[in-house]
Structures are given as C-alpha cells and as structure tokens.
Amino acid sequence: MVIQEDMTVQKKLEVLSDAAKYDVACTSSGVDRTGNGTGIGNSIACGICHTFSADGRCISLLKILLTNECIFDCKYCMNRASNDVLRATFTPEEICSLTIEFYRRNYIEGLFLSSGVLKSPDFTMELMLRTLRMLREEYHFNGYIHCKAVPGADPVIVEMTGWYADRMSVNLELPTADSLRKLAPNKTRKNILRPMKQIQIGRLENKGKPSFSRIPLMEEEGFGELQITKPELTGLTDFGSSGEAKPYSSYENKLILPGQTARNTRMAGGMPSASPMIQDLQEIMAADGIKAPFGIIKPPSINRGFVPAGQSTQMIIGATPESDYQIISVAEALYQKFDLKRVFYSAYISINEDSSLPAVNQGPPLLREHRLYQADWLLRFYGFRATELLSENRPNFNVLMDPKCNWAIGHLEQFPVEINKADYYTILRVPGIGVKSAQRIVKARKTATLTFEDLKKMGVVLKRAIYFITCNGRMMYPVRIEENYITSMLLKVKEKLPFDMEASNAYKQLSLFDDMNFTAANPQMRSFL
C-alpha cells in the first residue's frame, strides 16, 4: 500500500475521483477538455460527471469517494486491501468545501458520494453522515446528493443519512450469493439486503404508508440481535388510495420464479424443489420479511423527506458465470421486493490479476451490458417478465437483435396487432413502439382512425413496426408473417448502439441514470384506455 502524508486537496481529488469512475450508478461524460481562453468553463476530468435528471436535463455532479482505503479484499475491486495503490481520504470539511466551491462556479448541481470501508462500516458511514449533515445544516446546500450506504453499518447511522440524502444506493455487487462468497468474502447478501429493506421501509413510513416489516417500538432497542424472519405477507403489498396495506391475491401480480408455472404456483402454495438459481431468488424474496428499524431517531429540523429520490443498486456483469436469465431474474425480484428505482449493470473490467477472475482480452462486455439495460427497460416500463424474455433453455440475449424484437419474433402468433383496437399493453409489446408513442396512439384514436402516416408522426419506428401491426385491418406492405423472413429484414435495420461499441474497446459507461420521465407499466396506466 502506498501512503502519502500531507497530500493536497487537489491531489486527493485526482485520486478519489479516478477511483470513483467504476461506480456506474452515476455515469461519467468521458470528456477531458481544458479551457481554450475564448470560451467559458472547461471539462477537466476532476470528478465532475454528466448525468440526466428525471425531466431529461443534463446535469453535472461531483463524483468522488470519501476514501479509497478499504479493509475488505474484494477480488474484482481496484481499491481492495491487498492492492498496492496510492491511498487518500477526504475530511468532511474538504468535501463540503469542494462541493460548495464547484457549485458557486456553476460546475456542478449536486454530489455523488461513495467510499471504501475505512476501519469499519460504522466509522465510514459516520464520516459520510457528518459530511452530509455539514453540507445541509452549516453550508445550507440544497442541491442533489446521492450517497452510498455501507453494508453492515449501524441502522441508526443509515437512517439519519437518509434524512439528508436525496438518493441512496446499496450495491448488490454480484448477481448471486455464491459469487459474492467467492469474490467478496467479507460481504454477505444479508448485510446488503438489510439496509435496502430499511430504506424501503423508511420511504413508506415517511409517506404515511404502513409497513409490515418495521420493527415494533419495543424491539427497536435490540435491533442488532434480530434475525431474519418469515414475512407476514407472502405476496407483494398493495397500498391503495386509503393507505391501507392489502396483500395481492391474484397470481398475476406475484413474482414467478424460473421453473414455476401458473398451475404449480397456485396448487403447490410455495416454491418447487429449487435449483441454485431459484434458491438465490428465494433468498431475495425472503428478505421481504427482514425486520428493519425505522423511526428510532428524530428527523432533522428541515425535513426534506426520507431518501425522496428512492434507492438503486449495481451489479457487476461478466466477472462470474451467471447467465443473462439469472441476472435479469434477480433484477426483477429486486424491483418487486425492494421498490428500487434502478438496477445498474456494470460491465466487468479486468483490473486485477486473480485466479478467480476471468481473463478479459477483448475489453469489457459492453454489448451484453447494453442488452441487459434494454431488458431492464422492458421489465420496468413495458410490462414484460424475465420468464418471457429468457428461459433456462435460452439463457442469454441475442447479440444481433434487441430483446423486444427477439421476443416478438418468437411469438408471431400474437401478431399482427390492430393499432386502432389493441389495448395499451399489447401495443407496448410491438417493436418500434415506445412508451410515449403508445400513449399518443391510445389518446389519438379516441377522436380519429389512425393511419401509418399518423403513426410515423407520433414517433413510431415503422421500419421495425410494419411487420407486426395493421391499420384498419391492412398492413403497410404485403408481409409474410414468417420467422426467417422477418428476422432477415430486421437484421438489415442497423441498430444504433451507444458509443460505437463494436468499433472501440475503450471503457465507457452508459448514460442511463434516471427514469427519463417515463411512466411504468402498472394498473394506473389504464386511464389511457
């Protein structure tokens, strides 16, 4: 380990902003441009990253680590304890000063703060809490703050941090518990899921919605000794307009694990004998019953809400042998059980030499990362399920075609769709039609009969959609509804990949930071029908 005394703040910034670049929960711009003397501002790579807000604006955040010192020895991490790298640690005062000075110069609009584990999870989380509290209460900073929660930290510290942060995230690190044990032996799935559940409960309680997983007041004092118990509700929880929690009774609203069917789910009343993959998903689903404390401290005098922007997580893709099916099934379980805003996928970068890690000679698997993001979009906004997109017999996504087109070609019996009559969710599944286009179609057809020209004006990508739709009972051109023909035609439509993936092996992160103001596929969307 390289230790340097009396390091300047500028040097710390260089070290700790570079160390933060591997966290894709806040994407970087990849620009390193100095001022030219004729214009205003510069883009020197000193920890400032560009991200997108929910309303589509491009904003800048100061993206840094509190420290790159770490007592853990995760085999895939640049900052692991056994690596001989230059170490640095900010003080809370230094982070506050940097944030405010950058903000005053209009370089940034917020802060993204992560950290290695210095001394202990409690010690590290307390330093991060001090930083956020100082920013909010002493510097009166009202900008956006995204803070990482350290697994294993005292729930009291995590809760207090949630009152100062806009968004928090707990990295799942790897898709399965088995991979976590092999590559990150100091971390456990339980320690990762517990703060996730605590944040979820806190957000529900702050909105006035009851949570069945909150620890009763008489138990809160001994939260450190509590064990995971089975949940009071076996299904998901639906909070109606009255705020009263009610279990979903219908099979359609419950998460179906790989290998399950509607019939054996209803008749067996539980999980079938499980493969390792299903056992891992069961562990995530069982975490729905974790008893997490909340309300054991008094909120700050200025109540901004508890983690008002929600929580997210991140998984490393390609460091372990999980299939796309396993990864997207885990993501689906996290969305349904922890109410996450985003699951981020980070293509594995070979930065350490270890026999447990794969040798990546052709750069990070960026195309695979891209396919997972596309599938993730389908889960959140298009009403798809993991079991519809992939299966145990077909566990990985098609590298030549996006998941939605690939699904449509495999289900030609459901097409063509009549645009003027089909319901909203059916239209959403047509390749070339996105959320906004589907909403426009459903609204416009109330007053007019739509034509292909109308669809084009609404933003429908007809070069994909024409094989799957009709207007007034007619297709745009005579088309054979035949798998090989449609596949060959769709492959001629060049897919626009981010950052020229096929032409470059350079590591670049996807700019998929927030929800981009899309509306999730849920029962409330029936108002468009």
# chains A, B, ... in the order shown; residues from 1 in each chain; ligands from 1
>>> residues_around(residues="range 164-178 of chain A", least_positions_apart="3", cutoff="8 Å", atoms="only C-alpha atoms", output="ChimeraX atom specification")
/A:132-133,136,144-151,160-161,181-182,188-189,192-193,195-196,277,280,304,306-317,320,322,326-327,330
>>> select_by_dssp(residues="range 323-501 of chain A", states="strand (DSSP E)", output="PyMOL selection string")
chain A and resi 342-347+417-418+469-470
>>> residues_around(residues="range 446-457 of chain A", least_positions_apart="2", cutoff="9 Å", atoms="only C-alpha atoms", output="list of chain:residue names")
A:Ile419, A:Asn420, A:Ser437, A:Ile441, A:Val442, A:Lys443, A:Ala444, A:Gly459, A:Val460, A:Val461, A:Leu462, A:Ile466, A:Thr470, A:Cys471, A:Asn472, A:Met475, A:Met476
>>> closest_residue(among="A:Arg342, A:Lys197, A:His370, A:Arg474", to="Phe294 in chain A", atoms="only C-alpha atoms")
A:Lys197
>>> closest_residue(among="A:Glu93, A:Glu495, A:Asp324, A:Asp84", to="Leu66 in chain A", atoms="only C-alpha atoms")
A:Glu93
>>> closest_residue(among="A:Ser120, A:Asn303, A:Thr426, A:Ser179", to="Asn142 in chain A", atoms="only C-alpha atoms")
A:Asn303
